[in-house]
>>> print(open('protein_12.cif').read())   # mmCIF, C-alpha atoms
data_entry
#
loop_
_atom_site.group_PDB
_atom_site.id
_atom_site.type_symbol
_atom_site.label_atom_id
_atom_site.label_comp_id
_atom_site.auth_asym_id
_atom_site.auth_seq_id
_atom_site.Cartn_x
_atom_site.Cartn_y
_atom_site.Cartn_z
ATOM 1 C CA MET A 20 33.608 126.700 21.432
ATOM 2 C CA PRO A 21 34.475 123.117 22.303
ATOM 3 C CA SER A 22 32.769 121.796 25.394
ATOM 4 C CA SER A 23 34.906 121.314 28.552
ATOM 5 C CA PRO A 24 35.442 117.759 29.845
ATOM 6 C CA PRO A 25 33.203 116.589 32.661
ATOM 7 C CA PRO A 26 34.713 116.910 36.175
ATOM 8 C CA ALA A 27 36.539 113.835 37.500
ATOM 9 C CA LYS A 28 34.591 111.701 39.907
ATOM 10 C CA LYS A 29 35.875 111.517 43.450
ATOM 11 C CA PRO A 30 36.695 107.965 44.617
ATOM 12 C CA LYS A 31 34.240 106.505 47.003
ATOM 13 C CA ARG A 32 35.530 106.066 50.523
ATOM 14 C CA SER A 33 35.290 102.566 51.910
ATOM 15 C CA THR A 34 32.769 102.057 54.615
ATOM 16 C CA ILE A 35 34.432 98.826 55.816
ATOM 17 C CA PRO A 36 36.001 99.459 59.234
ATOM 18 C CA TYR A 37 39.826 98.931 59.462
ATOM 19 C CA THR A 38 40.883 96.171 61.795
ATOM 20 C CA PRO A 39 44.623 95.987 62.444
ATOM 21 C CA GLU A 40 46.201 92.580 62.266
ATOM 22 C CA LYS A 41 47.111 90.999 65.552
ATOM 23 C CA PRO A 42 50.834 90.397 65.935
ATOM 24 C CA SER A 43 51.783 86.797 65.670
ATOM 25 C CA GLN A 44 52.972 85.048 68.803
ATOM 26 C CA PRO A 45 56.803 84.937 69.069
ATOM 27 C CA GLY A 46 58.333 81.584 68.465
ATOM 28 C CA PRO A 47 60.713 79.800 70.846
ATOM 29 C CA THR A 48 64.080 81.492 71.450
ATOM 30 C CA TYR A 49 66.999 79.637 69.875
ATOM 31 C CA ILE A 50 69.823 79.035 72.330
ATOM 32 C CA PRO A 51 72.801 77.214 70.782
ATOM 33 C CA THR A 52 74.621 74.613 72.811
ATOM 34 C CA PRO A 53 78.335 75.114 73.659
ATOM 35 C CA LYS A 54 79.203 72.432 71.093
ATOM 36 C CA GLN A 55 77.279 74.305 68.387
ATOM 37 C CA LEU A 56 79.004 77.583 69.314
ATOM 38 C CA LEU A 57 82.451 76.011 69.097
ATOM 39 C CA ALA A 58 81.586 74.577 65.690
ATOM 40 C CA THR A 59 81.072 78.124 64.369
ATOM 41 C CA ILE A 60 84.594 79.269 65.297
ATOM 42 C CA THR A 61 86.950 79.093 62.314
ATOM 43 C CA THR A 62 90.408 80.403 61.601
ATOM 44 C CA GLN A 63 88.879 82.624 58.917
ATOM 45 C CA ASP A 64 86.966 84.476 61.640
ATOM 46 C CA ILE A 65 90.189 85.124 63.567
ATOM 47 C CA PRO A 66 93.099 85.156 61.087
ATOM 48 C CA ASN A 67 95.873 85.110 63.747
ATOM 49 C CA LEU A 68 94.286 82.422 65.901
ATOM 50 C CA GLU A 69 96.787 79.856 67.142
ATOM 51 C CA LEU A 70 95.172 76.452 67.378
ATOM 52 C CA ARG A 71 96.521 75.452 70.779
ATOM 53 C CA THR A 72 94.961 73.206 73.377
ATOM 54 C CA PRO A 73 93.639 74.723 76.614
ATOM 55 C CA ALA A 74 96.476 72.983 78.482
ATOM 56 C CA GLU A 75 99.089 74.646 76.258
ATOM 57 C CA ARG A 76 97.456 78.047 76.629
ATOM 58 C CA ALA A 77 97.263 77.746 80.431
ATOM 59 C CA THR A 78 100.912 76.652 80.604
ATOM 60 C CA THR A 79 101.948 79.672 78.534
ATOM 61 C CA LEU A 80 100.080 82.007 80.884
ATOM 62 C CA LEU A 81 101.712 80.422 83.943
ATOM 63 C CA ARG A 82 105.243 80.450 82.524
ATOM 64 C CA LEU A 83 105.539 84.228 82.912
ATOM 65 C CA GLY A 84 102.516 84.869 85.100
ATOM 66 C CA GLY A 85 100.232 87.853 84.990
ATOM 67 C CA ILE A 86 100.773 89.955 88.077
ATOM 68 C CA ALA A 87 98.619 91.412 89.459
ATOM 69 C CA PHE A 88 96.017 88.703 88.746
ATOM 70 C CA VAL A 89 98.010 85.440 88.669
ATOM 71 C CA PRO A 90 101.555 84.560 89.848
ATOM 72 C CA PRO A 91 104.144 82.920 87.606
ATOM 73 C CA ALA A 92 104.403 79.155 88.007
ATOM 74 C CA ARG A 93 106.740 77.627 90.553
ATOM 75 C CA ARG A 94 109.833 75.867 89.257
ATOM 76 C CA ASP A 95 111.215 72.415 89.923
ATOM 77 C CA TRP A 96 114.327 73.057 92.011
ATOM 78 C CA THR A 97 114.852 69.413 93.018
ATOM 79 C CA GLY A 98 117.786 69.012 90.620
ATOM 80 C CA GLU A 99 121.381 70.048 91.221
ATOM 81 C CA VAL A 100 121.391 73.024 88.827
ATOM 82 C CA GLN A 101 122.272 76.414 90.305
ATOM 83 C CA VAL A 102 121.223 79.382 88.165
ATOM 84 C CA LYS A 103 123.128 82.641 87.762
ATOM 85 C CA LEU A 104 120.495 85.239 88.533
ATOM 86 C CA PRO A 105 120.157 88.210 86.165
ATOM 87 C CA GLY A 106 120.159 91.775 87.375
ATOM 88 C CA GLU A 107 122.112 93.818 89.929
ATOM 89 C CA VAL A 108 121.204 91.804 93.024
ATOM 90 C CA LEU A 109 123.431 90.717 95.934
ATOM 91 C CA THR A 110 122.347 87.083 95.661
ATOM 92 C CA LYS A 111 124.006 85.870 92.486
ATOM 93 C CA ASP A 112 123.054 82.188 92.503
ATOM 94 C CA TRP A 113 119.792 80.349 93.112
ATOM 95 C CA PRO A 114 118.994 78.147 94.941
ATOM 96 C CA PRO A 115 121.292 79.115 97.843
ATOM 97 C CA GLN A 116 123.942 76.668 99.015
ATOM 98 C CA GLY A 117 122.623 73.983 101.388
ATOM 99 C CA TRP A 118 118.977 74.878 100.829
ATOM 100 C CA LYS A 119 117.819 71.261 101.123
ATOM 101 C CA GLU A 120 118.928 71.199 104.762
ATOM 102 C CA MET A 121 117.179 74.479 105.600
ATOM 103 C CA THR A 122 114.013 74.634 107.672
ATOM 104 C CA PRO A 123 110.785 75.676 105.906
ATOM 105 C CA ASP A 124 110.934 79.110 107.553
ATOM 106 C CA THR A 125 114.582 79.632 106.544
ATOM 107 C CA LYS A 126 113.716 78.793 102.948
ATOM 108 C CA LYS A 127 110.957 81.394 103.046
ATOM 109 C CA LEU A 128 113.348 83.955 104.554
ATOM 110 C CA ASN A 129 115.786 83.440 101.654
ATOM 111 C CA TRP A 130 112.906 83.681 99.192
ATOM 112 C CA GLU A 131 111.724 86.966 100.702
ATOM 113 C CA PHE A 132 115.267 88.325 100.745
ATOM 114 C CA ILE A 133 115.919 87.755 97.030
ATOM 115 C CA ALA A 134 112.437 89.063 96.150
ATOM 116 C CA PHE A 135 113.081 92.252 98.116
ATOM 117 C CA GLN A 136 116.454 92.692 96.401
ATOM 118 C CA TYR A 137 114.791 92.608 92.992
ATOM 119 C CA GLU A 138 112.183 95.128 94.108
ATOM 120 C CA GLN A 139 114.927 97.463 95.331
ATOM 121 C CA VAL A 140 116.742 97.487 91.980
ATOM 122 C CA SER A 141 113.531 97.701 89.931
ATOM 123 C CA ASN A 142 113.005 101.378 90.881
ATOM 124 C CA HIS A 143 109.329 100.779 91.530
ATOM 125 C CA PRO A 144 107.832 103.601 93.612
ATOM 126 C CA THR A 145 106.167 101.152 96.009
ATOM 127 C CA VAL A 146 106.986 97.687 97.317
ATOM 128 C CA PRO A 147 104.189 95.087 97.281
ATOM 129 C CA SER A 148 102.840 93.676 100.512
ATOM 130 C CA ARG A 149 104.611 90.650 101.925
ATOM 131 C CA ALA A 150 102.090 88.293 100.308
ATOM 132 C CA GLY A 151 102.204 90.219 97.028
ATOM 133 C CA LEU A 152 106.005 90.140 97.017
ATOM 134 C CA LEU A 153 106.128 86.352 97.360
ATOM 135 C CA ASP A 154 103.428 85.883 94.723
ATOM 136 C CA LYS A 155 105.307 88.099 92.276
ATOM 137 C CA TYR A 156 108.495 86.028 92.709
ATOM 138 C CA ASN A 157 106.686 82.702 92.952
ATOM 139 C CA MET A 158 109.136 81.164 90.469
ATOM 140 C CA LEU A 159 111.873 81.301 93.146
ATOM 141 C CA ALA A 160 109.921 79.371 95.810
ATOM 142 C CA LEU A 161 111.826 76.274 96.942
ATOM 143 C CA PRO A 162 110.219 72.884 97.647
ATOM 144 C CA GLY A 163 109.286 72.524 101.301
ATOM 145 C CA THR A 164 109.062 76.277 101.897
ATOM 146 C CA SER A 165 106.710 77.378 104.641
ATOM 147 C CA PRO A 166 103.440 78.406 102.943
ATOM 148 C CA HIS A 167 102.694 82.093 102.872
ATOM 149 C CA ASN A 168 98.936 81.694 102.563
ATOM 150 C CA LYS A 169 98.782 82.050 106.351
ATOM 151 C CA ILE A 170 99.820 85.680 106.076
ATOM 152 C CA LYS A 171 97.002 87.854 107.378
ATOM 153 C CA ASP A 172 97.096 91.415 106.119
ATOM 154 C CA VAL A 173 94.815 93.793 104.270
ATOM 155 C CA THR A 174 95.630 92.148 100.928
ATOM 156 C CA ARG A 175 94.474 88.681 101.976
ATOM 157 C CA THR A 176 91.400 88.795 99.703
ATOM 158 C CA VAL A 177 93.550 89.768 96.701
ATOM 159 C CA MET A 178 96.002 86.992 97.568
ATOM 160 C CA LYS A 179 93.188 84.423 97.722
ATOM 161 C CA ASN A 180 91.903 85.576 94.319
ATOM 162 C CA ARG A 181 95.371 85.078 92.826
ATOM 163 C CA PHE A 182 95.663 81.664 94.488
ATOM 164 C CA TYR A 183 92.347 80.333 93.149
ATOM 165 C CA LEU A 184 92.997 81.615 89.639
ATOM 166 C CA TYR A 185 96.480 80.072 89.746
ATOM 167 C CA GLU A 186 94.982 76.745 90.858
ATOM 168 C CA HIS A 187 92.416 76.866 88.073
ATOM 169 C CA LEU A 188 95.079 77.461 85.426
ATOM 170 C CA ARG A 189 97.305 74.792 86.967
ATOM 171 C CA LEU A 190 94.516 72.206 86.721
ATOM 172 C CA ILE A 191 93.833 73.176 83.097
ATOM 173 C CA ALA A 192 97.559 72.924 82.294
ATOM 174 C CA THR A 193 97.822 69.452 83.830
ATOM 175 C CA ASN A 194 94.515 68.217 82.367
ATOM 176 C CA GLY A 195 93.139 67.951 85.884
ATOM 177 C CA ILE A 196 89.786 69.308 84.746
ATOM 178 C CA LYS A 197 87.853 68.862 81.533
ATOM 179 C CA PRO A 198 87.801 72.192 79.651
ATOM 180 C CA ASP A 199 84.502 73.531 78.365
ATOM 181 C CA LEU A 200 83.314 76.704 76.648
ATOM 182 C CA SER A 201 83.748 78.759 79.823
ATOM 183 C CA THR A 202 87.388 77.624 79.896
ATOM 184 C CA THR A 203 87.885 78.996 76.380
ATOM 185 C CA PHE A 204 86.326 82.336 77.322
ATOM 186 C CA MET A 205 88.415 82.566 80.497
ATOM 187 C CA LEU A 206 91.659 81.868 78.629
ATOM 188 C CA ASP A 207 90.702 84.428 75.976
ATOM 189 C CA MET A 208 90.148 87.099 78.624
ATOM 190 C CA LEU A 209 93.354 86.293 80.526
ATOM 191 C CA GLU A 210 95.422 86.376 77.343
ATOM 192 C CA LYS A 211 94.016 89.793 76.483
ATOM 193 C CA ALA A 212 94.555 91.036 80.050
ATOM 194 C CA SER A 213 98.165 89.823 80.023
ATOM 195 C CA ALA A 214 98.984 92.641 77.598
ATOM 196 C CA SER A 215 98.811 94.986 80.624
ATOM 197 C CA ARG A 216 100.578 92.736 83.143
ATOM 198 C CA ASP A 217 103.711 93.554 85.145
ATOM 199 C CA THR A 218 106.648 92.366 83.014
ATOM 200 C CA SER A 219 109.415 93.274 85.475
ATOM 201 C CA THR A 220 110.096 89.607 86.346
ATOM 202 C CA ASP A 221 110.169 88.293 82.761
ATOM 203 C CA HIS A 222 113.985 88.414 82.605
ATOM 204 C CA ILE A 223 114.145 86.075 85.624
ATOM 205 C CA CYS A 224 111.724 83.586 84.048
ATOM 206 C CA HIS A 225 113.678 83.694 80.772
ATOM 207 C CA ALA A 226 116.916 82.982 82.659
ATOM 208 C CA LEU A 227 115.293 79.978 84.356
ATOM 209 C CA ASP A 228 114.022 78.687 81.008
ATOM 210 C CA LYS A 229 117.486 79.083 79.503
ATOM 211 C CA ALA A 230 118.990 77.136 82.411
ATOM 212 C CA GLY A 231 116.476 74.327 81.869
ATOM 213 C CA ILE A 232 114.545 74.736 85.123
ATOM 214 C CA PRO A 233 111.112 73.239 84.357
ATOM 215 C CA LEU A 234 107.757 74.384 85.657
ATOM 216 C CA ARG A 235 106.420 72.616 88.738
ATOM 217 C CA LEU A 236 102.697 72.292 88.176
ATOM 218 C CA ASP A 237 101.999 69.241 90.335
ATOM 219 C CA VAL A 238 101.350 71.410 93.414
#
>>> encode(input="protein_12.cif", output="structure tokens")
Amino acid sequence: MPSSPPPAKKPKRSTIPYTPEKPSQPGPTYIPTPKQLLATITTQDIPNLELRTPAERATTLLRLGGIAFVPPARRDWTGEVQVKLPGEVLTKDWPPQGWKEMTPDTKKLNWEFIAFQYEQVSNHPTVPSRAGLLDKYNMLALPGTSPHNKIKDVTRTVMKNRFYLYEHLRLIATNGIKPDLSTTFMLDMLEKASASRDTSTDHICHALDKAGIPLRLDV
């Protein structure tokens, strides 16, 4: 009989103690500057990106507004043009006859009256507060109208938020402030939010555009 092979030798176990490696110290955190972040934005990243200036984007947002967060821009009614108002409202023309001789309070009364007419025919279940009503129809405010920021009701905080956001956009639109990265982010968010805005006054703004009534962004 052939002899069987010798049994395999078991490997010797190391007697050297195992010492785990110490983790290396983390290096400094890289924080890109706003200029470096902007340099990474390309049209390939966002195929439908329109390369518009911040002023153009802010003006577009103000042209129609974004109720409930920002009113539409006021219009320059200093010319002699009288616009035929769209919709089934009693007041057919704007501005009203002789408005330049009216007192500031009378101008506001006419403004509130036409705004309330539009709300009545819009079939909305609720009517905004007095301040909210005037903000929503801000495009119909006449020069020299008594300011409505003195109205004190439960919506005053909301009204102030709309006012400050409107002022911020107005300054961007008129190059009154130097835009930075935060401006870009803010405009991005507002443009996305405008998809859910109240569009019930768009037909009025379009009628004013068609009649050549420009935006009044100086105040």
>>> resolve_selection(input="protein_12.cif", expression="the PyMOL selection byres ((chain A and resi 219) around 10)", output="VMD selection string")
chain A and resid 86 137 to 138 141 143 155 216 to 218 220 to 223
>>> write_last_selection(input="protein_12.cif", atoms="C-alpha atoms", output="short mmCIF file (atom, residue, chain, number, x, y, z; two decimals), in the frame of the given file")
data_model
loop_
_atom_site.label_atom_id
_atom_site.label_comp_id
_atom_site.auth_asym_id
_atom_site.auth_seq_id
_atom_site.Cartn_x
_atom_site.Cartn_y
_atom_site.Cartn_z
CA ILE A 86 100.77 89.96 88.08
CA TYR A 137 114.79 92.61 92.99
CA GLU A 138 112.18 95.13 94.11
CA SER A 141 113.53 97.70 89.93
CA HIS A 143 109.33 100.78 91.53
CA LYS A 155 105.31 88.10 92.28
CA ARG A 216 100.58 92.74 83.14
CA ASP A 217 103.71 93.55 85.14
CA THR A 218 106.65 92.37 83.01
CA THR A 220 110.10 89.61 86.35
CA ASP A 221 110.17 88.29 82.76
CA HIS A 222 113.98 88.41 82.60
CA ILE A 223 114.14 86.08 85.62
#
>>> closest_residue(input="protein_12.cif", among="A:Phe132, A:Asp124, A:Pro147, A:Glu186", to="A:Pro166", atoms="all atoms listed in the file")
A:Asp124
>>> atom_distance(input="protein_12.cif", atom1="atom CA of A:Glu131", atom2="atom CA of A:Trp113")
12.9 Å
>>> residues_around(input="protein_12.cif", residues="A:Val108", least_positions_apart="4", cutoff="9 Å", atoms="all atoms listed in the file", output="PyMOL selection string")
chain A and resi 104+133+136-137+139-140
>>> residues_around(input="protein_12.cif", residues="A:Glu120", least_positions_apart="3", cutoff="12 Å", atoms="only C-alpha atoms", output="PDB file with C-alpha atoms, in the coordinates of the input")
ATOM      1  CA  PRO A 115     121.292  79.115  97.843  1.00  0.00           C
ATOM      2  CA  GLN A 116     123.942  76.668  99.015  1.00  0.00           C
ATOM      3  CA  GLY A 117     122.623  73.983 101.388  1.00  0.00           C
ATOM      4  CA  PRO A 123     110.785  75.676 105.906  1.00  0.00           C
ATOM      5  CA  ASP A 124     110.934  79.110 107.553  1.00  0.00           C
ATOM      6  CA  THR A 125     114.582  79.632 106.544  1.00  0.00           C
ATOM      7  CA  LYS A 126     113.716  78.793 102.948  1.00  0.00           C
ATOM      8  CA  LEU A 161     111.826  76.274  96.942  1.00  0.00           C
ATOM      9  CA  PRO A 162     110.219  72.884  97.647  1.00  0.00           C
ATOM     10  CA  GLY A 163     109.286  72.524 101.301  1.00  0.00           C
ATOM     11  CA  THR A 164     109.062  76.277 101.897  1.00  0.00           C
TER      12      THR A 164
END
>>> closest_residue(input="protein_12.cif", among="A:Ile232, A:Leu153, A:Val177, A:Leu209", to="A:Pro114", atoms="all atoms listed in the file")
A:Ile232
>>> closest_residue(input="protein_12.cif", among="A:Leu128, A:Val238, A:Leu70, A:Met158", to="A:Cys224", atoms="only C-alpha atoms")
A:Met158
>>> closest_atom_pairs(input="protein_12.cif", of="stretch 133-229 of chain A", to="stretch 72-79 of chain A", cutoff="9 Å", atoms="all atoms listed in the file", output="JSON lines")
{"residue": "A:Leu188", "atom": "CA", "partner": "A:Ala77", "partner_atom": "CA", "distance": 5.5}
{"residue": "A:Arg189", "atom": "CA", "partner": "A:Ala77", "partner_atom": "CA", "distance": 7.2}
{"residue": "A:Leu190", "atom": "CA", "partner": "A:Ala74", "partner_atom": "CA", "distance": 8.5}
{"residue": "A:Ile191", "atom": "CA", "partner": "A:Ala74", "partner_atom": "CA", "distance": 5.3}
{"residue": "A:Ala192", "atom": "CA", "partner": "A:Ala74", "partner_atom": "CA", "distance": 4.0}
{"residue": "A:Thr193", "atom": "CA", "partner": "A:Ala74", "partner_atom": "CA", "distance": 6.5}
{"residue": "A:Asn194", "atom": "CA", "partner": "A:Ala74", "partner_atom": "CA", "distance": 6.5}
{"residue": "A:Pro198", "atom": "CA", "partner": "A:Pro73", "partner_atom": "CA", "distance": 7.1}
{"residue": "A:Thr202", "atom": "CA", "partner": "A:Pro73", "partner_atom": "CA", "distance": 7.6}
{"residue": "A:Thr203", "atom": "CA", "partner": "A:Pro73", "partner_atom": "CA", "distance": 7.2}
{"residue": "A:Leu206", "atom": "CA", "partner": "A:Ala77", "partner_atom": "CA", "distance": 7.2}
{"residue": "A:Glu210", "atom": "CA", "partner": "A:Arg76", "partner_atom": "CA", "distance": 8.6}
>>> write_last_selection(input="protein_12.cif", atoms="C-alpha atoms", output="mmCIF file, in the coordinates of the input")
data_model
loop_
_atom_site.group_PDB
_atom_site.id
_atom_site.type_symbol
_atom_site.label_atom_id
_atom_site.label_comp_id
_atom_site.auth_asym_id
_atom_site.auth_seq_id
_atom_site.Cartn_x
_atom_site.Cartn_y
_atom_site.Cartn_z
ATOM 1 C CA LEU A 188 95.079 77.461 85.426
ATOM 2 C CA ARG A 189 97.305 74.792 86.967
ATOM 3 C CA LEU A 190 94.516 72.206 86.721
ATOM 4 C CA ILE A 191 93.833 73.176 83.097
ATOM 5 C CA ALA A 192 97.559 72.924 82.294
ATOM 6 C CA THR A 193 97.822 69.452 83.830
ATOM 7 C CA ASN A 194 94.515 68.217 82.367
ATOM 8 C CA PRO A 198 87.801 72.192 79.651
ATOM 9 C CA THR A 202 87.388 77.624 79.896
ATOM 10 C CA THR A 203 87.885 78.996 76.380
ATOM 11 C CA LEU A 206 91.659 81.868 78.629
ATOM 12 C CA GLU A 210 95.422 86.376 77.343
#
>>> residues_around(input="protein_12.cif", residues="A:Asn157", least_positions_apart="6", cutoff="7 Å", atoms="all atoms listed in the file", output="PyMOL selection string")
chain A and resi 90-93
>>> closest_residue(input="protein_12.cif", among="A:Arg71, A:Gly231, A:Glu99, A:Leu83", to="A:Lys119", atoms="only C-alpha atoms")
A:Glu99
